[in-house]
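Asker: Can you read through this structure? Questions will come right after.
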Amino acid sequence: MTTRFMTVSRISNWKSTLDVTIPKPLADAIANYEALRYVETGHEPVITTAKLKAAGVAAEVERVAAELSVNAHLDEAKRRVAFSIEGDILREAAAAVPSVLAQLTERFDAEAARYVDAAKKLPEVLTSVVVVETRDAEVLTALGEATEAAGFLEKVDSWLVSLGELPGYSSNYEPVLRVTAPSDYASMCDLQEAHRTRNNADTLLLSVGPVYFAAARNGVEFKMMTPDESTALLRELEDSRPLSNSERFLGVRR
């Protein structure tokens with residue numbers, strides 16, 4: 001499957017995955033694409049040679065060739081129509097992003113607040129052993145709340161990543177600056193460290209999202225950001241990075 005096809009498939013699932021209403025132009029383009037799937041472009045020619053006579057062989061070849069030619073033209077026509085509709089979907093999806101973001105905002109803010117509240121009730125070092133040893137019902141309840149909220153945050157996170165596949169959107173996304181917005185360089189570095197070491201994290205920490213957990217525990221704001229907004233914040237945070245001792249010694253200026 002091509003990257004373009006996969007992108008269109010993901011866009012087609014926006015409504016069900018994110019539980020949002022997509023604008024009519026995008027819905028219409030997706031409906032066209034779905035209808036195209038059921039357009040038949042021909043079948044293999046049926047060749048029966050049991051009763052074929054020598055005198056009719058040439059005619060049979062011509063019949064099969066004609067049928068193959070029609071099928072080839074139908075296949076190419078379907079491919080070209082599909083490519084055109086895919087372009088419609090990509091353009092309309094890009095135009096629909098502000099609408100989707102607006103629809104997601106209220107739930108995102110609620111789930112982020114729910115997540116932060118739950119994360120603060122969990123042990124600072126979150127492992128299966130530590131949670132079992134607490135024998136605290138409130139901790140188990142908080143773990144369930146954080147896990148559920150993280151599931152929604154991850155859906156939004158993945159959707160924001162996919163914006164880089166749309167026309168007009170940058171694909172350069174700092175992984176920790178999609179749904180979290182640290183206010184200083186040190187906080188961003190903490191989130192980056194949580195992201196780098198996530199593969200070695202305990203399964204419980206993975207279930208609530210290492211980056212989200214680090215953000216919640218350190219008072220980092222949860223916020224949905226487009227690639228451009230993320231890039232702007234990254235530039236701002238990097239510009240605020242304190243100079244190292246060697247840089248200060250060398251008189252480095254920003």
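Following the order of the structure tokens, chains are lettered A, B, ..., residues in each are numbered from 1, and ligands are numbered from 1.
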Give me, as number ranges by chain, all polymer residues having an atom no more than 8 Å from Pro182 in chain A, counting only C-alpha atoms and skipping those fewer than 4 positions away in the same chain.
Answerer: A: 177, 187-188, 215, 220-221
Asker: Filtering to N, CA and C atoms, could you give me those residues as an mmCIF file, in the first residue's frame?
Answerer:
data_model
loop_
_atom_site.group_PDB
_atom_site.id
_atom_site.type_symbol
_atom_site.label_atom_id
_atom_site.label_comp_id
_atom_site.auth_asym_id
_atom_site.auth_seq_id
_atom_site.Cartn_x
_atom_site.Cartn_y
_atom_site.Cartn_z
ATOM 1 N N LEU A 177 6.252 17.798 21.961
ATOM 2 C CA LEU A 177 5.567 19.084 21.831
ATOM 3 C C LEU A 177 4.362 18.964 20.904
ATOM 4 N N SER A 187 12.211 21.958 31.367
ATOM 5 C CA SER A 187 11.019 21.106 31.392
ATOM 6 C C SER A 187 10.918 20.289 30.113
ATOM 7 N N MET A 188 11.246 20.909 28.972
ATOM 8 C CA MET A 188 11.221 20.165 27.719
ATOM 9 C C MET A 188 12.244 19.033 27.746
ATOM 10 N N ALA A 215 4.969 15.138 32.454
ATOM 11 C CA ALA A 215 4.365 16.466 32.318
ATOM 12 C C ALA A 215 3.428 16.758 33.491
ATOM 13 N N VAL A 220 3.550 20.702 33.792
ATOM 14 C CA VAL A 220 3.608 21.146 32.395
ATOM 15 C C VAL A 220 2.195 21.195 31.818
ATOM 16 N N GLU A 221 1.910 22.238 31.063
ATOM 17 C CA GLU A 221 0.583 22.411 30.478
ATOM 18 C C GLU A 221 0.328 21.380 29.374
#
Asker: Mind dumping a table of every range 140-184 of chain A residue within 12 Å of range 104-119 of chain A, with the nearest atom pair and its distance in Å to one decimal, using only C-alpha atoms, sorted by chain and rising number, as a Markdown table?
Answerer:
| residue | atom | partner | partner_atom | distance |
| --- | --- | --- | --- | --- |
| A:Leu140 | CA | A:Ala118 | CA | 9.9 |
| A:Thr141 | CA | A:Ala118 | CA | 8.3 |
| A:Ala142 | CA | A:Ala118 | CA | 4.7 |
| A:Leu143 | CA | A:Ala118 | CA | 6.8 |
| A:Gly144 | CA | A:Ala118 | CA | 8.5 |
| A:Glu145 | CA | A:Ala118 | CA | 6.1 |
| A:Ala146 | CA | A:Tyr115 | CA | 4.9 |
| A:Thr147 | CA | A:Tyr115 | CA | 8.0 |
| A:Glu148 | CA | A:Tyr115 | CA | 8.3 |
| A:Ala149 | CA | A:Glu111 | CA | 5.3 |
| A:Ala150 | CA | A:Tyr115 | CA | 6.8 |
| A:Gly151 | CA | A:Glu111 | CA | 9.5 |
| A:Phe152 | CA | A:Glu111 | CA | 7.3 |
| A:Leu153 | CA | A:Phe108 | CA | 7.2 |
| A:Glu154 | CA | A:Phe108 | CA | 10.6 |
| A:Lys155 | CA | A:Phe108 | CA | 10.3 |
| A:Val156 | CA | A:Phe108 | CA | 8.1 |
| A:Asp157 | CA | A:Phe108 | CA | 10.6 |
| A:Trp159 | CA | A:Leu104 | CA | 11.1 |
| A:Leu160 | CA | A:Leu104 | CA | 11.5 |
| A:Val179 | CA | A:Ala112 | CA | 9.3 |
| A:Thr180 | CA | A:Ala112 | CA | 9.8 |
Asker: Residues at most 10 Å from Ser162 in chain A, counting only C-alpha atoms, excluding those fewer than 6 positions away in the same chain, as number ranges by chain?
Answerer: A: 7, 10-11, 156, 169, 171, 227
Asker: Would you list the contacts of Pro123 in chain A as JSON, numbers by chain, taking every protein, DNA or RNA residue within 12 Å and counting only C-alpha atoms, but skipping same-chain residues closer than 4 positions in sequence?
Answerer: {"A": [118, 119, 127, 128, 129, 130, 131, 132, 133, 134, 135, 136, 138, 139, 140, 142, 143, 204, 205, 213, 214, 217]}
Asker: Using the selection just defined, write its residues with C-alpha atoms as a JSON list (two decimals), in the first residue's frame.
Answerer:
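File result_34.json, as written:
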[["chain", "number", "residue", "atom", "x", "y", "z"],
["A", 118, "ALA", "CA", -5.08, 11.06, 38.66],
["A", 119, "ALA", "CA", -1.33, 11.24, 38.02],
["A", 127, "THR", "CA", 6.17, 0.54, 38.72],
["A", 128, "SER", "CA", 4.06, -2.57, 39.17],
["A", 129, "VAL", "CA", 5.95, -3.47, 42.34],
["A", 130, "VAL", "CA", 5.48, -0.05, 43.93],
["A", 131, "VAL", "CA", 1.76, 0.01, 43.16],
["A", 132, "VAL", "CA", 1.23, -3.47, 44.60],
["A", 133, "GLU", "CA", 3.15, -2.56, 47.72],
["A", 134, "THR", "CA", 1.01, 0.50, 48.38],
["A", 135, "ARG", "CA", -2.11, -1.65, 48.85],
["A", 136, "ASP", "CA", -4.04, 1.56, 48.38],
["A", 138, "GLU", "CA", -7.16, 5.15, 45.78],
["A", 139, "VAL", "CA", -3.93, 4.48, 43.91],
["A", 140, "LEU", "CA", -5.55, 1.70, 41.87],
["A", 142, "ALA", "CA", -6.17, 6.74, 40.03],
["A", 143, "LEU", "CA", -4.23, 4.32, 37.83],
["A", 204, "LEU", "CA", 2.36, 0.44, 34.25],
["A", 205, "LEU", "CA", 4.24, 3.61, 33.33],
["A", 213, "PHE", "CA", 3.20, 11.33, 33.41],
["A", 214, "ALA", "CA", 6.35, 13.46, 33.53],
["A", 217, "ARG", "CA", 4.04, 15.50, 37.77]]
Asker: Grab the CA of Leu237 in chain A to CA of Glu174 in chain A distance for me, in Å with one decimal place.
Answerer: 11.8 Å
Asker: Where does DSSP see strand (DSSP E or B) in range 6-229 of chain A, if you list the residues as a ChimeraX atom specification?
Answerer: /A:180-181,221-222
Asker: Please return, as a ChimeraX atom specification, all residues of range 1-89 of chain A that DSSP assigns to helix (DSSP H, G or I) on the basis of the backbone.
Answerer: /A:3-12,14-18,24-37,54-89
Asker: For Leu68 in chain A, please output as an mmCIF file with all heavy atoms, in the first residue's frame all residues within 12 Å (counting only C-alpha atoms; exclusion window: fewer than 6 positions along the same chain).
Answerer:
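Listed below is the output, part35.cif:
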data_model
loop_
_atom_site.group_PDB
_atom_site.id
_atom_site.type_symbol
_atom_site.label_atom_id
_atom_site.label_comp_id
_atom_site.auth_asym_id
_atom_site.auth_seq_id
_atom_site.Cartn_x
_atom_site.Cartn_y
_atom_site.Cartn_z
ATOM 1 N N THR A 41 -13.807 -3.364 -12.507
ATOM 2 C CA THR A 41 -13.028 -2.937 -13.680
ATOM 3 C C THR A 41 -12.764 -4.074 -14.660
ATOM 4 O O THR A 41 -11.874 -3.979 -15.492
ATOM 5 C CB THR A 41 -11.687 -2.330 -13.219
ATOM 6 O OG1 THR A 41 -10.981 -3.296 -12.426
ATOM 7 C CG2 THR A 41 -11.910 -1.068 -12.421
ATOM 8 N N GLY A 42 -13.522 -5.125 -14.561
ATOM 9 C CA GLY A 42 -13.346 -6.193 -15.542
ATOM 10 C C GLY A 42 -12.907 -7.498 -14.925
ATOM 11 O O GLY A 42 -12.440 -7.549 -13.796
ATOM 12 N N HIS A 43 -13.099 -8.546 -15.680
ATOM 13 C CA HIS A 43 -12.743 -9.883 -15.223
ATOM 14 C C HIS A 43 -11.812 -10.531 -16.237
ATOM 15 O O HIS A 43 -11.698 -10.087 -17.382
ATOM 16 C CB HIS A 43 -14.000 -10.736 -15.057
ATOM 17 C CG HIS A 43 -15.044 -10.097 -14.182
ATOM 18 N ND1 HIS A 43 -14.977 -10.105 -12.814
ATOM 19 C CD2 HIS A 43 -16.173 -9.405 -14.503
ATOM 20 C CE1 HIS A 43 -16.021 -9.466 -12.316
ATOM 21 N NE2 HIS A 43 -16.762 -9.026 -13.327
ATOM 22 N N GLU A 44 -11.188 -11.588 -15.802
ATOM 23 C CA GLU A 44 -10.342 -12.349 -16.723
ATOM 24 C C GLU A 44 -11.205 -12.921 -17.846
ATOM 25 O O GLU A 44 -12.306 -13.437 -17.594
ATOM 26 C CB GLU A 44 -9.665 -13.505 -15.973
ATOM 27 C CG GLU A 44 -8.415 -13.112 -15.220
ATOM 28 C CD GLU A 44 -7.312 -12.691 -16.167
ATOM 29 O OE1 GLU A 44 -6.989 -13.467 -17.093
ATOM 30 O OE2 GLU A 44 -6.785 -11.575 -15.997
ATOM 31 N N PRO A 45 -10.766 -12.814 -19.086
ATOM 32 C CA PRO A 45 -11.545 -13.367 -20.209
ATOM 33 C C PRO A 45 -11.750 -14.873 -20.033
ATOM 34 O O PRO A 45 -10.867 -15.584 -19.556
ATOM 35 C CB PRO A 45 -10.651 -13.088 -21.422
ATOM 36 C CG PRO A 45 -9.774 -11.971 -20.999
ATOM 37 C CD PRO A 45 -9.534 -12.166 -19.535
ATOM 38 N N VAL A 46 -12.946 -15.306 -20.359
ATOM 39 C CA VAL A 46 -13.233 -16.748 -20.308
ATOM 40 C C VAL A 46 -12.811 -17.343 -21.651
ATOM 41 O O VAL A 46 -13.323 -16.955 -22.710
ATOM 42 C CB VAL A 46 -14.736 -17.002 -20.053
ATOM 43 C CG1 VAL A 46 -15.012 -18.502 -20.094
ATOM 44 C CG2 VAL A 46 -15.142 -16.414 -18.712
ATOM 45 N N ILE A 47 -11.867 -18.268 -21.584
ATOM 46 C CA ILE A 47 -11.343 -18.880 -22.816
ATOM 47 C C ILE A 47 -11.713 -20.351 -22.824
ATOM 48 O O ILE A 47 -11.301 -21.117 -21.937
ATOM 49 C CB ILE A 47 -9.815 -18.721 -22.902
ATOM 50 C CG1 ILE A 47 -9.444 -17.226 -22.841
ATOM 51 C CG2 ILE A 47 -9.279 -19.362 -24.185
ATOM 52 C CD1 ILE A 47 -7.949 -16.973 -22.767
ATOM 53 N N VAL A 61 -8.423 -15.132 -30.569
ATOM 54 C CA VAL A 61 -7.333 -14.284 -30.063
ATOM 55 C C VAL A 61 -7.764 -12.825 -30.074
ATOM 56 O O VAL A 61 -7.519 -12.074 -29.115
ATOM 57 C CB VAL A 61 -6.056 -14.474 -30.917
ATOM 58 C CG1 VAL A 61 -5.005 -13.415 -30.560
ATOM 59 C CG2 VAL A 61 -5.491 -15.869 -30.707
ATOM 60 N N GLU A 62 -8.415 -12.416 -31.158
ATOM 61 C CA GLU A 62 -8.865 -11.032 -31.246
ATOM 62 C C GLU A 62 -9.914 -10.717 -30.176
ATOM 63 O O GLU A 62 -9.921 -9.631 -29.596
ATOM 64 C CB GLU A 62 -9.436 -10.764 -32.644
ATOM 65 C CG GLU A 62 -8.375 -10.745 -33.734
ATOM 66 C CD GLU A 62 -8.967 -10.482 -35.110
ATOM 67 O OE1 GLU A 62 -10.203 -10.271 -35.193
ATOM 68 O OE2 GLU A 62 -8.205 -10.485 -36.092
ATOM 69 N N LEU A 74 -10.133 0.164 -18.154
ATOM 70 C CA LEU A 74 -10.951 0.350 -16.954
ATOM 71 C C LEU A 74 -10.073 0.440 -15.706
ATOM 72 O O LEU A 74 -10.301 1.274 -14.822
ATOM 73 C CB LEU A 74 -11.954 -0.801 -16.811
ATOM 74 C CG LEU A 74 -13.137 -0.788 -17.787
ATOM 75 C CD1 LEU A 74 -13.932 -2.087 -17.669
ATOM 76 C CD2 LEU A 74 -14.034 0.412 -17.523
ATOM 77 N N ASP A 75 -9.070 -0.415 -15.604
ATOM 78 C CA ASP A 75 -8.152 -0.392 -14.461
ATOM 79 C C ASP A 75 -7.431 0.951 -14.372
ATOM 80 O O ASP A 75 -7.303 1.540 -13.292
ATOM 81 C CB ASP A 75 -7.114 -1.519 -14.585
ATOM 82 C CG ASP A 75 -7.695 -2.873 -14.248
ATOM 83 O OD1 ASP A 75 -8.718 -2.924 -13.531
ATOM 84 O OD2 ASP A 75 -7.133 -3.898 -14.695
#
Asker: Using only C-alpha atoms, determine which residues lie at most 9 Å from range 92-100 of chain A, disregarding the query and same-chain residues fewer than 6 positions distant; provide the list as an NGL selection string.
Answerer: :A and (11 or 14 or 18 or 20-23 or 25-27 or 29 or 163 or 166-169)
Asker: Could you dump the residues just selected with N, CA, C and O atoms as a compact mmCIF listing (two decimals), in the first residue's frame?
Answerer:
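Saved the output as out.txt:
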# COMPACT_ATOMS: atom_id res chain seq x y z
N ILE A 11 -7.50 9.35 7.30
CA ILE A 11 -8.44 10.47 7.26
C ILE A 11 -9.88 9.96 7.27
O ILE A 11 -10.75 10.54 7.93
N TRP A 14 -11.21 9.51 10.75
CA TRP A 14 -11.24 10.62 11.70
C TRP A 14 -12.54 10.65 12.49
O TRP A 14 -12.55 10.81 13.71
N LEU A 18 -11.98 9.86 16.39
CA LEU A 18 -11.96 11.06 17.23
C LEU A 18 -13.35 11.48 17.71
O LEU A 18 -13.47 12.37 18.54
N VAL A 20 -15.77 13.03 16.01
CA VAL A 20 -16.02 14.42 15.59
C VAL A 20 -16.87 14.41 14.32
O VAL A 20 -17.00 13.39 13.64
N THR A 21 -17.44 15.56 14.03
CA THR A 21 -18.19 15.74 12.79
C THR A 21 -17.25 16.38 11.77
O THR A 21 -16.66 17.43 12.04
N ILE A 22 -17.11 15.75 10.63
CA ILE A 22 -16.21 16.31 9.62
C ILE A 22 -17.01 17.17 8.64
O ILE A 22 -18.19 16.89 8.37
N PRO A 23 -16.42 18.24 8.11
CA PRO A 23 -17.11 19.12 7.18
C PRO A 23 -17.64 18.37 5.96
O PRO A 23 -17.05 17.37 5.54
N PRO A 25 -17.67 18.93 2.67
CA PRO A 25 -16.80 18.66 1.51
C PRO A 25 -15.88 17.45 1.73
O PRO A 25 -15.65 16.66 0.80
N LEU A 26 -15.37 17.31 2.94
CA LEU A 26 -14.51 16.16 3.24
C LEU A 26 -15.34 14.88 3.28
O LEU A 26 -14.93 13.84 2.75
N ALA A 27 -16.51 14.95 3.89
CA ALA A 27 -17.38 13.77 3.97
C ALA A 27 -17.78 13.31 2.57
O ALA A 27 -17.81 12.11 2.29
N ALA A 29 -16.08 13.79 -0.25
CA ALA A 29 -14.90 13.22 -0.92
C ALA A 29 -14.64 11.80 -0.42
O ALA A 29 -14.31 10.90 -1.21
N LEU A 163 -0.98 15.06 10.86
CA LEU A 163 -1.16 16.32 10.13
C LEU A 163 0.02 16.60 9.21
O LEU A 163 -0.11 17.31 8.21
N LEU A 166 -0.47 16.11 5.52
CA LEU A 166 -1.42 16.93 4.78
C LEU A 166 -0.72 18.12 4.13
O LEU A 166 0.28 18.62 4.64
N PRO A 167 -1.25 18.59 3.00
CA PRO A 167 -0.65 19.76 2.34
C PRO A 167 -0.73 20.99 3.24
O PRO A 167 -1.75 21.24 3.89
N GLY A 168 0.37 21.72 3.30
CA GLY A 168 0.40 22.94 4.10
C GLY A 168 0.85 22.75 5.53
O GLY A 168 0.99 23.73 6.27
N TYR A 169 1.09 21.50 5.94
CA TYR A 169 1.52 21.23 7.31
C TYR A 169 2.92 20.61 7.32
O TYR A 169 3.21 19.70 6.54
Asker: Any idea what the distance is between CA of Leu52 in chain A and CA of Glu40 in chain A?
Answerer: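 If I compute the distance from CA of Leu52 in chain A to CA of Glu40 in chain A, I get 29.2 Å.
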Asker: I need the residue nearest Gln103 in chain A from this list: A:Pro242, A:Val176, A:Lys15, A:Glu34. Use only C-alpha atoms for the distance.
Answerer: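 Of the candidates, the smallest distance to Gln103 in chain A is held by A:Lys15.
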Asker: Could you tell me which of A:Asp239, A:Asp190, A:Glu165, A:Glu86 comes closest to Asp28 in chain A if we count only C-alpha atoms?
Answerer: A:Glu86
Asker: A:Gly219, A:Val70, A:Lys78, A:Pro175: which is nearest Gln192 in chain A, counting only C-alpha atoms?
Answerer: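 Answer, going by the shortest atom-to-atom distance: A:Pro175.
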Asker: Please compute the CA of Thr226 in chain A-CA of Phe83 in chain A distance, one decimal, in Å.
Answerer: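 Separation of CA of Thr226 in chain A and CA of Phe83 in chain A: 26.4 Å.
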